[in-house]
>>> print(open('model34.cif').read())   # mmCIF, C-alpha atoms
data_coords
loop_
_atom_site.label_atom_id
_atom_site.label_comp_id
_atom_site.auth_asym_id
_atom_site.auth_seq_id
_atom_site.Cartn_x
_atom_site.Cartn_y
_atom_site.Cartn_z
CA MET A 194 11.22 5.45 16.34
CA ALA A 195 10.62 1.86 15.22
CA ASN A 196 8.82 3.10 12.11
CA PHE A 197 11.37 5.83 11.43
CA ILE A 198 14.42 3.55 11.02
CA PRO A 199 13.07 1.39 8.14
CA PHE A 200 11.75 4.53 6.47
CA PHE A 201 15.17 6.20 6.81
CA LEU A 202 16.85 3.14 5.31
CA PHE A 203 14.35 3.18 2.47
CA PHE A 204 15.21 6.79 1.60
CA LEU A 205 18.90 6.05 1.95
CA SER A 206 18.50 3.33 -0.68
CA ALA A 207 16.59 5.82 -2.84
CA LEU A 208 19.47 8.28 -2.59
CA MET A 209 21.89 5.54 -3.56
CA LEU A 210 19.75 4.71 -6.57
CA GLU A 211 19.71 8.38 -7.52
CA GLY A 212 23.49 8.45 -7.34
CA VAL A 213 23.72 5.49 -9.67
CA SER A 214 21.19 6.92 -12.12
CA SER A 215 23.04 10.23 -12.19
CA SER A 216 26.39 8.66 -12.96
CA SER A 217 27.70 8.23 -16.46
CA GLY A 218 28.11 5.26 -18.72
CA SER A 219 26.80 1.75 -18.15
CA ARG A 220 26.00 2.37 -14.46
CA GLU A 221 22.98 4.50 -15.31
CA ILE A 222 19.79 2.59 -14.62
CA SER A 223 16.60 2.87 -16.64
CA PRO A 224 13.48 4.63 -15.35
CA VAL A 225 11.67 1.29 -15.23
CA LEU A 226 14.39 -0.29 -13.09
CA TYR A 227 14.29 2.76 -10.81
CA TRP A 228 10.52 2.29 -10.43
CA ASN A 229 10.92 -1.44 -9.72
CA LYS A 230 13.56 -0.80 -7.07
CA LEU A 231 11.51 1.80 -5.21
CA LEU A 232 8.08 0.22 -5.78
CA PRO A 233 8.78 -3.53 -5.91
CA LYS A 234 5.14 -4.40 -5.16
CA THR A 235 3.66 -1.99 -7.71
CA PRO A 236 3.87 -3.09 -11.35
CA ILE A 237 3.79 -0.39 -14.03
CA PRO A 238 0.30 -0.62 -15.60
CA THR A 239 -0.22 -0.69 -19.36
CA SER A 240 -1.81 2.77 -19.28
CA LEU A 241 1.38 4.29 -17.80
CA ASP A 242 3.72 2.18 -19.91
CA ALA A 243 2.11 3.86 -22.95
CA PHE A 244 3.99 7.05 -22.03
CA LEU A 245 7.42 5.39 -21.85
CA PRO A 246 9.89 5.06 -24.77
CA LYS A 247 10.15 1.41 -25.77
CA ASP A 248 13.92 1.66 -26.31
CA ILE A 249 15.52 3.92 -23.73
CA ALA A 250 18.75 4.16 -25.77
CA ASP A 251 17.01 5.20 -28.99
CA PRO A 252 16.27 8.98 -29.14
CA THR A 253 13.85 8.43 -32.03
CA GLN A 254 11.51 6.76 -29.53
CA ARG A 255 10.82 10.16 -27.92
CA LYS A 256 7.56 11.80 -28.99
CA HIS A 257 7.48 15.58 -28.85
CA VAL A 258 3.88 16.03 -29.95
CA ARG A 259 2.07 19.03 -31.34
CA ASP A 260 -1.42 17.60 -30.82
CA LEU A 261 -1.29 18.29 -27.08
CA PRO A 262 -3.47 16.44 -24.57
CA LEU A 263 -6.43 18.38 -23.23
CA ARG A 264 -5.95 20.33 -20.01
CA CYS A 265 -7.81 18.80 -17.06
CA ASP A 266 -8.31 21.73 -14.70
CA VAL A 267 -11.32 19.93 -13.21
CA HIS A 268 -9.03 17.63 -11.21
CA TYR A 269 -6.91 20.14 -9.31
CA LYS A 270 -8.17 23.73 -9.77
CA TYR A 271 -10.85 23.73 -7.10
CA LYS A 272 -11.18 27.53 -7.04
CA LEU A 273 -11.71 27.77 -10.80
CA GLY A 274 -15.21 28.69 -11.96
CA THR A 275 -16.66 28.05 -15.41
CA THR A 276 -19.97 27.81 -17.28
CA LEU A 277 -21.82 24.91 -18.83
CA ASP A 278 -21.30 26.47 -22.26
CA GLN A 279 -17.53 26.46 -21.74
CA LEU A 280 -17.67 22.80 -20.75
CA LYS A 281 -19.37 21.64 -23.94
CA GLY A 282 -17.26 19.06 -25.74
CA ASP A 283 -14.96 18.43 -22.76
CA PRO A 284 -14.77 14.60 -22.48
CA GLU A 285 -13.49 14.73 -18.89
CA ILE A 286 -16.80 15.92 -17.44
CA ASN A 287 -18.41 12.55 -18.26
CA PHE A 288 -16.05 10.92 -15.76
CA LEU A 289 -17.57 12.92 -12.88
CA PHE A 290 -20.19 11.22 -10.68
CA LEU A 291 -21.71 11.21 -7.20
CA GLU A 292 -20.56 8.73 -4.55
CA GLU A 293 -24.03 7.18 -4.43
CA ASN A 294 -23.47 6.03 -8.02
CA LEU A 295 -20.92 3.47 -6.84
CA LYS A 296 -23.79 1.13 -5.99
CA PRO A 297 -23.99 -2.00 -8.19
CA GLY A 298 -26.41 -1.44 -11.06
CA SER A 299 -25.63 2.27 -11.40
CA LYS A 300 -25.04 3.50 -14.95
CA THR A 301 -22.19 5.75 -16.03
CA LYS A 302 -22.29 8.39 -18.72
CA LYS A 303 -20.53 7.58 -22.00
CA LEU A 304 -16.87 7.04 -21.10
CA ASP A 305 -13.87 6.78 -23.40
CA PHE A 306 -11.08 5.63 -21.10
CA VAL A 307 -8.38 5.53 -23.78
CA LYS A 308 -9.35 8.88 -25.35
CA LYS A 309 -9.61 8.66 -29.11
CA LEU A 310 -8.46 12.29 -29.39
CA GLN A 311 -4.87 11.09 -29.13
CA GLU A 312 -5.04 8.04 -31.38
CA THR A 313 -3.53 9.88 -34.38
CA SER A 314 -0.51 11.64 -32.90
CA GLY A 315 -0.06 9.36 -29.91
CA TRP A 316 0.76 10.48 -26.39
CA PRO A 317 3.87 12.49 -25.48
CA THR A 318 6.85 10.63 -24.04
CA LEU A 319 7.68 10.59 -20.35
CA LEU A 320 11.41 11.25 -20.60
CA PRO A 321 14.17 9.70 -18.46
CA ARG A 322 15.06 12.09 -15.64
CA ARG A 323 18.52 12.96 -16.94
CA GLU A 324 17.07 13.86 -20.33
CA ALA A 325 14.18 15.87 -18.86
CA GLN A 326 16.59 17.86 -16.70
CA GLY A 327 18.31 18.96 -19.91
CA PHE A 328 15.24 20.99 -20.93
CA LEU A 329 14.38 24.40 -19.54
CA PHE A 330 11.13 24.28 -17.57
CA SER A 331 10.15 27.74 -16.31
CA SER A 332 7.68 30.37 -17.44
CA SER A 333 10.54 32.90 -17.28
CA LYS A 334 12.26 30.90 -20.05
CA LEU A 335 9.18 30.60 -22.27
CA ALA A 336 10.80 32.19 -25.34
CA ASP A 337 13.70 29.73 -25.21
CA ILE A 338 11.36 26.76 -24.69
CA LEU A 339 9.20 27.71 -27.68
CA LYS A 340 12.31 28.11 -29.82
CA ARG A 341 13.63 24.69 -28.69
CA PHE A 342 10.43 23.01 -29.90
CA SER A 343 10.04 25.24 -32.99
CA LEU A 344 6.72 26.64 -31.78
CA ASP A 345 5.28 29.92 -33.07
CA PRO A 346 5.09 32.33 -30.09
CA ASN A 347 1.73 33.59 -31.38
CA SER A 348 0.18 30.13 -31.77
CA ALA A 349 -2.45 28.46 -29.61
CA ILE A 350 0.07 25.75 -28.72
CA ALA A 351 2.47 28.37 -27.37
CA SER A 352 -0.32 29.78 -25.19
CA THR A 353 -1.04 26.27 -23.90
CA VAL A 354 2.62 25.64 -23.07
CA LYS A 355 2.73 28.96 -21.19
CA GLN A 356 -0.37 28.00 -19.19
CA THR A 357 1.12 24.63 -18.23
CA LEU A 358 4.31 26.26 -16.97
CA GLU A 359 2.30 28.81 -14.96
CA ASP A 360 0.07 26.07 -13.52
CA CYS A 361 3.17 24.19 -12.38
CA GLU A 362 4.41 27.32 -10.61
CA MET A 363 1.13 28.28 -8.94
CA GLU A 364 0.50 27.78 -5.23
CA ALA A 365 -0.88 24.43 -4.12
CA ASN A 366 -4.44 24.10 -2.88
CA LYS A 367 -4.83 24.58 0.87
CA GLY A 368 -3.71 21.44 2.69
CA GLU A 369 -2.17 19.92 -0.44
CA THR A 370 1.36 19.62 -1.81
CA LYS A 371 2.00 19.74 -5.55
CA TYR A 372 4.76 19.00 -8.03
CA CYS A 373 5.05 18.74 -11.81
CA ALA A 374 6.79 15.48 -12.69
CA THR A 375 8.68 15.44 -15.99
CA SER A 376 10.07 11.92 -15.59
CA LEU A 377 8.99 8.54 -14.24
CA GLU A 378 11.67 8.77 -11.57
CA SER A 379 10.49 12.16 -10.27
CA MET A 380 6.89 10.91 -10.21
CA VAL A 381 7.90 7.96 -8.03
CA ASP A 382 10.01 10.14 -5.74
CA PHE A 383 7.17 12.57 -5.14
CA ALA A 384 4.59 9.86 -4.42
CA VAL A 385 6.83 7.99 -1.99
CA SER A 386 8.06 11.11 -0.19
CA GLN A 387 4.52 12.45 0.29
CA LEU A 388 2.87 9.19 1.34
CA LYS A 389 5.88 8.07 3.42
CA THR A 390 5.71 4.47 2.25
CA ASN A 391 6.58 2.43 -0.80
CA ASP A 392 3.75 -0.04 -0.18
CA LEU A 393 1.50 1.60 -2.74
CA GLN A 394 -1.22 0.71 -5.17
CA LEU A 395 -1.46 2.68 -8.43
CA LEU A 396 -5.04 3.29 -9.50
CA THR A 397 -5.77 3.63 -13.21
CA TYR A 398 -8.02 1.70 -15.60
CA SER A 399 -7.52 -1.65 -17.30
CA PHE A 400 -9.55 -3.72 -19.75
CA VAL A 401 -10.20 -7.08 -18.15
CA ASN A 402 -11.63 -9.41 -20.80
CA LYS A 403 -10.67 -7.79 -24.12
CA GLU A 404 -7.89 -5.57 -25.38
CA GLU A 405 -9.13 -2.14 -26.42
CA ARG A 406 -8.16 -1.90 -30.10
CA GLU A 407 -10.56 0.82 -31.19
CA PRO A 408 -11.09 3.52 -28.55
CA LYS A 409 -14.76 4.38 -28.22
CA SER A 410 -17.25 5.80 -25.75
CA ARG A 411 -19.43 3.34 -23.88
CA VAL A 412 -22.06 3.39 -21.14
CA TYR A 413 -20.98 1.08 -18.30
CA THR A 414 -22.84 -0.57 -15.41
CA VAL A 415 -21.24 -0.79 -11.96
CA GLN A 416 -20.86 -4.43 -10.89
CA PRO A 417 -20.76 -5.97 -7.38
CA GLY A 418 -17.31 -6.04 -5.83
CA VAL A 419 -16.43 -2.33 -5.52
CA VAL A 420 -13.30 -2.10 -3.32
CA GLU A 421 -12.57 0.91 -1.12
CA LEU A 422 -8.90 1.31 -0.25
CA PRO A 423 -8.14 1.94 3.45
CA SER A 424 -6.18 5.23 3.20
CA SER A 425 -7.69 8.71 3.10
CA GLN A 426 -4.48 10.09 1.55
CA ALA A 427 -3.33 9.79 -2.03
CA VAL A 428 -1.06 11.32 -4.65
CA ALA A 429 -2.87 12.03 -7.92
CA CYS A 430 -0.97 12.72 -11.15
CA HIS A 431 -2.70 14.24 -14.20
CA ILE A 432 -1.24 14.65 -17.69
CA ASP A 433 -0.79 18.30 -18.66
CA PRO A 434 -0.55 19.60 -22.24
CA TYR A 435 3.13 19.98 -23.15
CA PRO A 436 5.42 18.81 -25.99
CA TYR A 437 6.71 15.98 -23.78
CA ALA A 438 4.89 14.29 -20.90
CA VAL A 439 4.38 16.47 -17.82
CA PHE A 440 2.26 15.20 -14.94
CA HIS A 441 0.68 17.62 -12.47
CA CYS A 442 0.92 15.64 -9.22
CA HIS A 443 -0.65 16.66 -5.93
CA LYS A 444 -1.06 15.02 -2.56
CA THR A 445 -4.75 15.01 -1.75
CA ILE A 446 -6.42 14.89 1.63
CA ASN A 447 -9.93 13.85 2.62
CA THR A 448 -10.30 11.46 -0.28
CA LYS A 449 -11.70 7.99 -0.76
CA SER A 450 -10.15 5.73 -3.38
CA TYR A 451 -11.95 2.87 -5.10
CA ILE A 452 -11.46 0.07 -7.59
CA VAL A 453 -14.71 -0.25 -9.51
CA PRO A 454 -15.67 -3.18 -11.76
CA LEU A 455 -17.59 -1.98 -14.84
CA VAL A 456 -19.28 -3.78 -17.73
CA ALA A 457 -20.23 -2.05 -20.97
CA GLU A 458 -23.86 -2.44 -21.98
CA GLU A 459 -23.32 -2.70 -25.73
CA ASP A 460 -20.49 -5.24 -26.06
CA GLY A 461 -19.70 -6.70 -22.62
CA ILE A 462 -16.29 -5.01 -22.33
CA ARG A 463 -15.13 -5.25 -18.72
CA VAL A 464 -13.07 -2.50 -17.12
CA SER A 465 -11.42 -2.32 -13.73
CA ALA A 466 -11.61 1.42 -13.11
CA GLY A 467 -9.84 3.47 -10.49
CA ALA A 468 -12.00 6.17 -8.93
CA VAL A 469 -11.46 8.93 -6.38
CA CYS A 470 -14.01 10.81 -4.28
CA HIS A 471 -13.18 14.19 -2.75
CA THR A 472 -15.15 14.19 0.48
CA ASP A 473 -14.55 17.81 1.54
CA THR A 474 -15.47 20.27 -1.22
CA SER A 475 -16.70 23.02 1.10
CA SER A 476 -14.05 25.48 -0.16
CA TRP A 477 -14.57 24.75 -3.87
CA ASN A 478 -15.93 27.35 -6.26
CA PRO A 479 -19.75 27.03 -6.56
CA ASN A 480 -19.22 27.30 -10.33
CA HIS A 481 -16.52 24.63 -10.45
CA SER A 482 -17.17 22.28 -13.35
CA SER A 483 -18.04 19.38 -11.03
CA MET A 484 -20.68 21.48 -9.23
CA LEU A 485 -22.32 22.54 -12.49
CA VAL A 486 -22.20 19.14 -14.17
CA LEU A 487 -23.47 17.21 -11.15
CA GLY A 488 -25.96 19.88 -10.07
CA ILE A 489 -24.60 20.13 -6.53
CA LYS A 490 -23.20 22.73 -4.12
CA PRO A 491 -19.84 22.90 -2.32
CA GLY A 492 -19.73 20.47 0.58
CA THR A 493 -21.06 17.53 -1.46
CA SER A 494 -18.65 14.67 -2.20
CA VAL A 495 -17.36 14.73 -5.80
CA CYS A 496 -16.07 11.57 -7.52
CA HIS A 497 -14.39 10.83 -10.83
CA PHE A 498 -13.11 7.81 -12.70
CA LEU A 499 -9.52 7.82 -13.95
CA SER A 500 -9.16 7.99 -17.72
CA HIS A 501 -5.94 7.73 -19.72
CA GLY A 502 -3.23 10.02 -18.38
CA HIS A 503 -4.58 10.11 -14.81
CA PHE A 504 -3.05 8.02 -12.03
CA VAL A 505 -3.49 7.87 -8.27
CA PHE A 506 -0.98 6.39 -5.82
CA VAL A 507 -2.67 5.10 -2.65
CA PRO A 508 -1.09 3.41 0.41
CA ASN A 509 -2.20 -0.17 0.96
CA SER A 510 -2.66 0.51 4.67
CA ALA A 511 -4.73 3.11 6.51
CA SER A 512 -3.19 6.53 7.11
#
>>> encode(input="model34.cif", output="structure tokens")
Amino acid sequence: MANFIPFFLFFLSALMLEGVSSSSGSREISPVLYWNKLLPKTPIPTSLDAFLPKDIADPTQRKHVRDLPLRCDVHYKYKLGTTLDQLKGDPEINFLFLEENLKPGSKTKKLDFVKKLQETSGWPTLLPRREAQGFLFSSSKLADILKRFSLDPNSAIASTVKQTLEDCEMEANKGETKYCATSLESMVDFAVSQLKTNDLQLLTYSFVNKEEREPKSRVYTVQPGVVELPSSQAVACHIDPYPYAVFHCHKTINTKSYIVPLVAEEDGIRVSAGAVCHTDTSSWNPNHSSMLVLGIKPGTSVCHFLSHGHFVFVPNSAS
């Protein structure tokens, strides 16, 4: 009961915030302020800020992109099988590794954390909740959605949009809870409600000693000082391909979360990289991309670093 009362008060304050943000006029608060109120100990990292409009009042700041981000089925479709031929050219598979490779001195594959594929068109905008709620978001309304964004129903982009909507509506993995967040506010709400605390750390990547001006792939070496976070629960959010930013969020179980210091061999670039290891893969497809790429069988722990567009909320205390 002692733990329930503060948690109830926390959610009461969240509901009050929601009421303010839903009201009209000057009382509406920005998504960033909403984040800061609910997660006062968790600053918004640069990699997430890249998805936010710089001027919330200026509609021209919204990016509805046609060069959609790549789909990252590897991170949440555990039953999905594939082939090595189908995986050729997929940059996400380089971020996969075995837990034993967290030892200092281990080498990574070539990693492009920022993802140069999006440097031309930029990343889609994570809309304020009120604005996102103004868009239809259902596979049953696909024709209307394609018309709203002037997309040819017979185009590859239309097929991708359809797949994203269907993925958001599919059943969650056994033991997990899932939600597609179309705003910063809904992302925060889902993470806090699932992890039952607002004392969270947000894992991502950050460049420590130099700003990344020209995205490129590098081989990194794991340095001493790898930190394992105490909780086995987490909420992971992965960017999905859509005209505006949609994050496929799911509460994971049986995971280990790490902060890994990396140094690039060629130019000394230092990265603080978030990483997650799935410790129970016994029910995964034997032909899942991680199994094929790492040469392992279901039951072996699978790990991956977090590149741009992938974030993991982890409680700061054991759970």
>>> residues_around(input="model34.cif", residues="Gln356 (chain A)", least_positions_apart="6", cutoff="12 Å", atoms="only C-alpha atoms", output="number ranges by chain")
A: 264, 266, 331-332, 335, 349-350, 362-363, 433-435
>>> closest_residue(input="model34.cif", among="A:Leu245, A:Leu320, A:Ala365, A:Val412", to="Val456 (chain A)", atoms="all atoms listed in the file")
A:Val412
>>> resolve_selection(input="model34.cif", expression="the PyMOL selection byres ((chain A and resi 290) around 6)", output="JSON, numbers by chain")
{"A": [289, 291, 496, 497]}
>>> closest_residue(input="model34.cif", among="A:Thr353, A:Thr493, A:Ser240, A:Thr375", to="Leu395 (chain A)", atoms="all atoms listed in the file")
A:Ser240
>>> atom_distance(input="model34.cif", atom1="CA of Thr239 (chain A)", atom2="CA of Gly282 (chain A)")
26.9 Å
>>> atom_distance(input="model34.cif", atom1="CA of Phe288 (chain A)", atom2="CA of Val307 (chain A)")
12.3 Å
>>> atom_distance(input="model34.cif", atom1="CA of Thr318 (chain A)", atom2="CA of Tyr398 (chain A)")
19.3 Å
>>> resolve_selection(input="model34.cif", expression="the PyMOL selection byres ((chain A and resi 224-226) around 8)", output="count of residues only")
10
>>> residues_near_point(input="model34.cif", point="(-4.7, -1.1, -0.1)", cutoff="12 Å", atoms="all atoms listed in the file", output="list of chain:residue names")
A:Lys234, A:Thr235, A:Asn391, A:Asp392, A:Leu393, A:Gln394, A:Leu395, A:Leu396, A:Val420, A:Glu421, A:Leu422, A:Pro423, A:Ser424, A:Ser425, A:Gln426, A:Ala427, A:Lys449, A:Ser450, A:Tyr451, A:Ile452, A:Phe506, A:Val507, A:Pro508, A:Asn509, A:Ser510, A:Ala511, A:Ser512
>>> resolve_selection(input="model34.cif", expression="the PyMOL selection byres ((chain A and resi 293) around 12)", output="list in words")
Phe290, Leu291, Glu292, Asn294, Leu295, Lys296, Pro297, Gly298, Ser299, Lys300, Thr301, Val415, Cys470, Thr493, Ser494, Val495 and Cys496 of chain A
